[in-house]
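Novice: Handing you this structure, nothing more for now.
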Amino acid sequence: MKTIVLGAALAAFATAASAHVTLETREAPVGASYKAVFKTPHGCKGAPTNVVRVKIPEGVIGVKPMPKPGWKLETVTGKYARAYPYYHGVTLTEGVTEVIWSGGELPDAFYDEFVLQGFLTKDLNTEAPLYFPVVQECPGGAAARWIEIPAAGASASELEAPAPALKLLPAR
Amino acid sequence: MRRMAGTGAGVLAGMRDRAAAYVVAAVLLLVSASAAFAHASLVRAEPADGSVSAAAPARVALVFSEPVSPIALRLIAPDGGAETLERFAVKGTTLEIQPPAGLTPGTYALSWRVVSEDGHPVGGTVAFSIGAPSASGAPAAEAADGAVRAAIWAAKVAFYAALFFGVGGAFAVAWLGAPSRSGARVAAAAMAAGVVVAPLSLGLQGVDALGASLDAVTNPLAWTTGWGVSYARTAVAATAALALGLASLRVCGLPARALSAAALLGVGLALAASGHAAAASPQALTRPMVFLHGAGVAFWAGALAPLGLALAREGAGALATLRRFARVVPFALLPLVISGLTLAAIQLESPAALVETAYGRVLLAKAALLAGLFALAALNRWRLTGAAENGDRRGRRNLARAIAVEIGLVAAILGVAALWRFTPPPRALAVAAAEPAAFHIHTDKAMADVTIAPGRAGPVTVSVVIMTGDFGPLDAKELTVALSNPAAGIEPIRRAATKPGDGTWRVDGLVIPAPGRWQARLDILVSDFKMVRVSGEVDIRR
């Protein structure tokens, strides 16, 4: 009974969940470069993580991932939904749409970070968060998918596996 | 932090700064610590989810990915009864639960809800079986209002009496040529009662269909509902047969014979129009069998009263009537017995159902009464009839008395047969038990047709057909089904569905621990990065 009370107290007072894969920098202005650091505190139900995949949302262009020792780095490229103006009058119509770090071994007990850099186009809607769906793959086909996106206006705190979210600020 | 405190100008200021620094440090520690916290997830369960063990487990343990504190632990027994588990110990990431003593064989559902250190409550349900997985028990009979049942039974008996003694009696009066139209009054009275009872029973059927109490019979809704059930066809046909029978008593000779014959056929048609037996398949067999059975009973039972009365009064033509009856009765009895046995075989499906089901026990009681009736009929036919025919007055009296007993037995049989109204036959029970529960979910992202078969508590198979929101094909990578019953305190039972290759997704061997309204959630993994989540509700029967 004591434990239940303690549990309830914990439930009431503990800070918001940050169990998931999250972004280190949670807000950034559009029309600027952004360094996304994906904080990865856990594997899949206790299993180590071998693969981390990040889906690049539409409107984030010119993505360049940071290599990691011990991990193979790949990118998937594709066409953007439209052409976006980039630096120096350049227009980008295609680029990285997914980043994959694979072949590594991140035990469940350890923590690591996966980094990429990209440009947040001014076309992004600053009224709503921008989500970067992340999949952690573990041995035996197990996976932790941080890919849930709350319905418009709903809170992500109710979700079991929310995608890392970035609050977009107006362009400076 | 210490270095920061050390930058203070004076000792006092340093102390104040140090205090502030500790606060900051504590806050930072809390924040960073919470950043390391995680949602707990169940890594392993003992006994394992879906496992079957020979004996009751000595230890029940849930191993999580994080240390957890339990909020609610419930064990749902095979009979659906739930028990809160309060004896547990948390050892690191393992939650050890002491199972209750004396667990009987069957499937148990352990519903757990815990809070992990990040304060996020998570829950789930683990199912394990002792001995063998629970089989679905026999569904409980629906509890109807006692007064309604009594009224329906009484109406049914009066209805049968009107058809068999009334219409059958009119037929016997017209065809057997009993002296001074013996039995005509009895038949007329029975039919007149039937004309009142037949429409009245419609209202009672309506009350029963609505599940209301007897006073609802004054509610027009009960009557409109009664008019809508299949029994309405029987009531209409029976009323017509009763009218024809009554009319036949008002005339003589050929018109009386024609009208009463039409009425007798009407009895068969009325009974074949609704009811358990007529509804059984194959209909091409059962409906004619019910027709033969009904008409046969009317012929035989209907003749008894005119015959008995004729003999008792010792009218001049009584013996001629007796001989005619004795000559034709085997032709009525043979189809009667054959149709009765055929229908019983169809309804029972297995000999064991004879003793195991209420329907079977009613049939046994009816068979016992029938055995007595046949024994008495045989005695009448081969012993007493002979004596009566020899002009023996005492013989005639004895025969008349024996016929009176026969009538009593027939009435008892009708009373027993009317009980079938409340005992669905094993055939129907099996069909009802297998009836799946299905529901449809339609959102703009996805549609799902979910079928849970059988739609009852116990082991079930869940099959799901998914489509996109605009009826297009939806080729999902994974589908997870989660069934929960918040009202009963049962956390989600999650199962990954498999694709058997016929376009559906299936979960086999899932045990739904209790009946009630269940919430079903489907997690449809459309692509590696896209999950569509839809949910619906379904009623699971007992």
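Residue names in the structure tokens use chain letters A, B, ... in the order shown, residue numbers from 1 in each chain, and ligand numbers from 1 in the order shown.
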With a cut-off of 12 Å and counting only C-alpha atoms, select all residues of chain B in contact with chain A and give the selection as an NGL selection string.

Specialist: :B and (27 or 30-44 or 63-73 or 84-90 or 93 or 95 or 113-123 or 445 or 478 or 523-533)

Novice: Taking 3 positions as the minimum chain separation for residues in the same chain, which residues sit within 12 Å of region 225-230 of chain B when counting only C-alpha atoms? Answer as an NGL selection string.

Specialist: :B and (198-212 or 216-217 or 219-222 or 233-237 or 270-276 or 278-279)

Novice: Expressed in Å to a single decimal, how great is the separation between CA of Arg185 (chain B) and CA of Leu269 (chain B)?

Specialist: 24.5 Å

Novice: Excluding Thr49 (chain A) and any residue of its chain fewer than 4 positions from it, enumerate the residues within 7 Å of it, using only C-alpha atoms, and give them as JSON, numbers by chain.

Specialist: {"A": [43, 44, 105, 106, 107, 136, 137, 138]}

Novice: Quick one: residues within 9 Å of Val99 (chain A), only C-alpha atoms counted, chain neighbours fewer than 6 positions away excluded, as an NGL selection string?

Specialist: :A and (52-56 or 63-65 or 73-77 or 116)

Novice: For CA of Pro150 (chain A) and CA of Ala165 (chain A), determine how far apart the two atoms are, in Å to one decimal place.

Specialist: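 We find that CA of Pro150 (chain A) and CA of Ala165 (chain A) lie 10.4 Å from each other.
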
Novice: Set the distance at 6 Å and use only C-alpha atoms: which residues neighbour Gly31 (chain A) once local chain neighbours fewer than 2 positions away are removed? I'd like the list as a PyMOL selection string.

Specialist: chain A and resi 120-122+171

Novice: Where in chain A does DSSP assign alpha helix (DSSP H), given as JSON, numbers by chain?

Specialist: {"A": [2, 3, 4, 5, 6, 7, 8, 9, 10, 11, 12, 13]}

Novice: Please, could you write that set of residues out with N, CA and C atoms as a PDB file, in the first residue's frame?

Specialist:
ATOM      1  N   LYS A   2       1.948   1.187   0.804  1.00  0.00           N
ATOM      2  CA  LYS A   2       2.861   2.320   0.892  1.00  0.00           C
ATOM      3  C   LYS A   2       3.438   2.620  -0.496  1.00  0.00           C
ATOM      4  N   THR A   3       3.768   1.530  -1.178  1.00  0.00           N
ATOM      5  CA  THR A   3       4.367   1.682  -2.493  1.00  0.00           C
ATOM      6  C   THR A   3       3.387   2.336  -3.449  1.00  0.00           C
ATOM      7  N   ILE A   4       2.117   1.967  -3.295  1.00  0.00           N
ATOM      8  CA  ILE A   4       1.126   2.534  -4.204  1.00  0.00           C
ATOM      9  C   ILE A   4       1.003   4.040  -3.976  1.00  0.00           C
ATOM     10  N   VAL A   5       0.999   4.429  -2.699  1.00  0.00           N
ATOM     11  CA  VAL A   5       0.929   5.856  -2.393  1.00  0.00           C
ATOM     12  C   VAL A   5       2.147   6.569  -2.964  1.00  0.00           C
ATOM     13  N   LEU A   6       3.312   5.954  -2.740  1.00  0.00           N
ATOM     14  CA  LEU A   6       4.559   6.535  -3.247  1.00  0.00           C
ATOM     15  C   LEU A   6       4.480   6.669  -4.764  1.00  0.00           C
ATOM     16  N   GLY A   7       3.970   5.608  -5.389  1.00  0.00           N
ATOM     17  CA  GLY A   7       3.845   5.618  -6.844  1.00  0.00           C
ATOM     18  C   GLY A   7       2.942   6.743  -7.302  1.00  0.00           C
ATOM     19  N   ALA A   8       1.831   6.891  -6.615  1.00  0.00           N
ATOM     20  CA  ALA A   8       0.882   7.935  -6.992  1.00  0.00           C
ATOM     21  C   ALA A   8       1.515   9.311  -6.805  1.00  0.00           C
ATOM     22  N   ALA A   9       2.278   9.448  -5.697  1.00  0.00           N
ATOM     23  CA  ALA A   9       2.942  10.721  -5.445  1.00  0.00           C
ATOM     24  C   ALA A   9       3.932  11.013  -6.557  1.00  0.00           C
ATOM     25  N   LEU A  10       4.678   9.988  -6.937  1.00  0.00           N
ATOM     26  CA  LEU A  10       5.643  10.141  -8.024  1.00  0.00           C
ATOM     27  C   LEU A  10       4.927  10.569  -9.293  1.00  0.00           C
ATOM     28  N   ALA A  11       3.780   9.907  -9.530  1.00  0.00           N
ATOM     29  CA  ALA A  11       3.021  10.194 -10.738  1.00  0.00           C
ATOM     30  C   ALA A  11       2.589  11.656 -10.741  1.00  0.00           C
ATOM     31  N   ALA A  12       2.239  12.151  -9.566  1.00  0.00           N
ATOM     32  CA  ALA A  12       1.725  13.507  -9.494  1.00  0.00           C
ATOM     33  C   ALA A  12       2.834  14.554  -9.604  1.00  0.00           C
ATOM     34  N   PHE A  13       3.985  14.258  -9.032  1.00  0.00           N
ATOM     35  CA  PHE A  13       4.983  15.318  -8.898  1.00  0.00           C
ATOM     36  C   PHE A  13       6.200  15.200  -9.811  1.00  0.00           C
TER      37      PHE A  13
END

Novice: Using DSSP secondary structure from the backbone, list all strand (DSSP E or B) positions within region 2-166 of chain A, as a PDB file with C-alpha atoms, in the first residue's frame.

Specialist:
ATOM      1  CA  THR A  22      14.313  13.842 -27.622  1.00  0.00           C
ATOM      2  CA  LEU A  23      16.003  16.863 -29.107  1.00  0.00           C
ATOM      3  CA  GLU A  27      13.213  25.471 -30.084  1.00  0.00           C
ATOM      4  CA  ALA A  28      14.754  27.215 -33.043  1.00  0.00           C
ATOM      5  CA  PRO A  29      13.901  30.010 -35.483  1.00  0.00           C
ATOM      6  CA  ALA A  32      18.187  29.473 -40.139  1.00  0.00           C
ATOM      7  CA  SER A  33      20.465  26.530 -39.673  1.00  0.00           C
ATOM      8  CA  TYR A  34      19.631  24.082 -36.868  1.00  0.00           C
ATOM      9  CA  LYS A  35      21.777  21.492 -35.147  1.00  0.00           C
ATOM     10  CA  ALA A  36      19.612  18.603 -34.088  1.00  0.00           C
ATOM     11  CA  VAL A  37      21.015  16.469 -31.274  1.00  0.00           C
ATOM     12  CA  PHE A  38      18.934  13.322 -30.718  1.00  0.00           C
ATOM     13  CA  LYS A  39      19.357  12.247 -27.139  1.00  0.00           C
ATOM     14  CA  THR A  40      18.951   8.498 -26.904  1.00  0.00           C
ATOM     15  CA  CYS A  44      14.139  -1.330 -26.916  1.00  0.00           C
ATOM     16  CA  ALA A  47      17.805  -4.527 -25.530  1.00  0.00           C
ATOM     17  CA  THR A  49      20.279  -0.280 -29.967  1.00  0.00           C
ATOM     18  CA  VAL A  51      20.351   1.212 -35.650  1.00  0.00           C
ATOM     19  CA  VAL A  52      19.026   4.753 -35.305  1.00  0.00           C
ATOM     20  CA  ARG A  53      16.955   6.139 -38.156  1.00  0.00           C
ATOM     21  CA  VAL A  54      15.727   9.713 -38.350  1.00  0.00           C
ATOM     22  CA  LYS A  55      13.062  10.821 -40.816  1.00  0.00           C
ATOM     23  CA  VAL A  60      14.049  20.817 -43.437  1.00  0.00           C
ATOM     24  CA  ILE A  61      16.649  20.952 -46.199  1.00  0.00           C
ATOM     25  CA  GLY A  62      20.365  20.690 -46.737  1.00  0.00           C
ATOM     26  CA  VAL A  63      20.687  18.016 -44.064  1.00  0.00           C
ATOM     27  CA  LYS A  64      24.156  16.761 -43.158  1.00  0.00           C
ATOM     28  CA  PRO A  65      24.519  14.117 -40.460  1.00  0.00           C
ATOM     29  CA  LYS A  72      28.013   3.229 -40.289  1.00  0.00           C
ATOM     30  CA  LEU A  73      26.338   6.351 -41.632  1.00  0.00           C
ATOM     31  CA  GLU A  74      23.955   6.386 -44.573  1.00  0.00           C
ATOM     32  CA  THR A  75      21.472   8.837 -45.940  1.00  0.00           C
ATOM     33  CA  VAL A  76      18.397   8.382 -48.076  1.00  0.00           C
ATOM     34  CA  THR A  77      17.813  11.198 -50.517  1.00  0.00           C
ATOM     35  CA  GLY A  78      14.681  12.144 -52.349  1.00  0.00           C
ATOM     36  CA  LYS A  79      12.759  14.957 -53.926  1.00  0.00           C
ATOM     37  CA  TYR A  80      11.293  17.622 -51.707  1.00  0.00           C
ATOM     38  CA  ALA A  81       7.617  18.431 -52.079  1.00  0.00           C
ATOM     39  CA  ARG A  82       8.639  21.773 -53.578  1.00  0.00           C
ATOM     40  CA  ALA A  83      11.710  23.852 -54.320  1.00  0.00           C
ATOM     41  CA  TYR A  84      13.134  25.727 -51.332  1.00  0.00           C
ATOM     42  CA  PRO A  85      15.436  28.759 -51.437  1.00  0.00           C
ATOM     43  CA  THR A  91      17.280  26.654 -54.705  1.00  0.00           C
ATOM     44  CA  LEU A  92      17.107  23.064 -53.450  1.00  0.00           C
ATOM     45  CA  THR A  93      14.618  20.590 -54.890  1.00  0.00           C
ATOM     46  CA  GLU A  94      16.016  17.392 -53.395  1.00  0.00           C
ATOM     47  CA  GLY A  95      18.169  16.231 -50.544  1.00  0.00           C
ATOM     48  CA  VAL A  96      18.421  13.973 -47.543  1.00  0.00           C
ATOM     49  CA  THR A  97      15.071  12.630 -46.365  1.00  0.00           C
ATOM     50  CA  GLU A  98      16.332  10.000 -43.935  1.00  0.00           C
ATOM     51  CA  VAL A  99      19.502   9.478 -41.926  1.00  0.00           C
ATOM     52  CA  ILE A 100      20.571   6.024 -40.761  1.00  0.00           C
ATOM     53  CA  TRP A 101      23.277   5.254 -38.213  1.00  0.00           C
ATOM     54  CA  SER A 102      23.715   1.483 -38.217  1.00  0.00           C
ATOM     55  CA  LEU A 106      24.434   1.147 -27.692  1.00  0.00           C
ATOM     56  CA  ASP A 112      24.351   8.469 -26.556  1.00  0.00           C
ATOM     57  CA  GLU A 113      23.597  11.308 -28.947  1.00  0.00           C
ATOM     58  CA  PHE A 114      23.106  11.373 -32.691  1.00  0.00           C
ATOM     59  CA  VAL A 115      23.662  14.666 -34.452  1.00  0.00           C
ATOM     60  CA  LEU A 116      22.703  16.204 -37.745  1.00  0.00           C
ATOM     61  CA  GLN A 117      22.532  19.683 -39.125  1.00  0.00           C
ATOM     62  CA  GLY A 118      19.937  21.125 -41.448  1.00  0.00           C
ATOM     63  CA  PHE A 119      18.218  24.308 -42.543  1.00  0.00           C
ATOM     64  CA  LEU A 120      14.740  25.175 -41.311  1.00  0.00           C
ATOM     65  CA  LEU A 130       7.949  20.180 -36.115  1.00  0.00           C
ATOM     66  CA  TYR A 131       8.378  16.449 -35.541  1.00  0.00           C
ATOM     67  CA  VAL A 134      13.011   8.376 -34.946  1.00  0.00           C
ATOM     68  CA  VAL A 135      13.236   4.594 -35.004  1.00  0.00           C
ATOM     69  CA  GLN A 136      15.624   2.643 -32.804  1.00  0.00           C
ATOM     70  CA  GLU A 137      16.234  -0.870 -34.056  1.00  0.00           C
ATOM     71  CA  ALA A 143      12.243  -1.685 -32.526  1.00  0.00           C
ATOM     72  CA  ALA A 144      11.342   1.370 -30.503  1.00  0.00           C
ATOM     73  CA  ARG A 145       9.516   3.773 -32.739  1.00  0.00           C
ATOM     74  CA  TRP A 146       9.376   7.384 -31.595  1.00  0.00           C
ATOM     75  CA  GLU A 148       3.770   9.301 -32.825  1.00  0.00           C
ATOM     76  CA  PRO A 162       5.989  10.627 -29.298  1.00  0.00           C
ATOM     77  CA  ALA A 165       9.429  17.755 -31.334  1.00  0.00           C
ATOM     78  CA  LEU A 166      10.951  21.122 -32.175  1.00  0.00           C
TER      79      LEU A 166
END

Novice: Please list as a list in words every residue within 7 Å of Ser484 (chain B), counting only C-alpha atoms and excluding residues in the same chain fewer than 2 positions away.

Specialist: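 Final neighbour list, sorted by chain and number: Ala482, Pro486, Ile490, Glu491, Pro492, Ile493, Trp518, Gln519 and Ala520 of chain B.
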
Novice: Create the file for the chosen residues now, containing N, CA and C atoms and written as an mmCIF file, in the first residue's frame.

Specialist:
data_model
loop_
_atom_site.group_PDB
_atom_site.id
_atom_site.type_symbol
_atom_site.label_atom_id
_atom_site.label_comp_id
_atom_site.auth_asym_id
_atom_site.auth_seq_id
_atom_site.Cartn_x
_atom_site.Cartn_y
_atom_site.Cartn_z
ATOM 1 N N ALA B 482 -4.743 -3.989 -29.230
ATOM 2 C CA ALA B 482 -4.755 -3.828 -27.772
ATOM 3 C C ALA B 482 -6.200 -3.788 -27.312
ATOM 4 N N PRO B 486 -11.486 -0.648 -19.277
ATOM 5 C CA PRO B 486 -11.227 0.266 -18.163
ATOM 6 C C PRO B 486 -12.256 0.116 -17.040
ATOM 7 N N ILE B 490 -9.165 -3.611 -16.340
ATOM 8 C CA ILE B 490 -8.240 -4.497 -17.048
ATOM 9 C C ILE B 490 -7.447 -3.666 -18.059
ATOM 10 N N GLU B 491 -6.144 -3.667 -17.856
ATOM 11 C CA GLU B 491 -5.245 -2.894 -18.702
ATOM 12 C C GLU B 491 -5.133 -3.558 -20.075
ATOM 13 N N PRO B 492 -4.592 -2.834 -21.047
ATOM 14 C CA PRO B 492 -4.566 -3.378 -22.415
ATOM 15 C C PRO B 492 -3.859 -4.731 -22.530
ATOM 16 N N ILE B 493 -4.498 -5.627 -23.243
ATOM 17 C CA ILE B 493 -3.879 -6.894 -23.623
ATOM 18 C C ILE B 493 -3.364 -6.644 -25.031
ATOM 19 N N TRP B 518 -15.539 -3.617 -24.144
ATOM 20 C CA TRP B 518 -14.082 -3.560 -24.297
ATOM 21 C C TRP B 518 -13.699 -2.492 -25.297
ATOM 22 N N GLN B 519 -12.559 -1.880 -25.022
ATOM 23 C CA GLN B 519 -12.020 -0.922 -25.974
ATOM 24 C C GLN B 519 -10.943 -1.629 -26.776
ATOM 25 N N ALA B 520 -11.030 -1.455 -28.063
ATOM 26 C CA ALA B 520 -10.046 -2.087 -28.941
ATOM 27 C C ALA B 520 -9.265 -0.990 -29.631
#
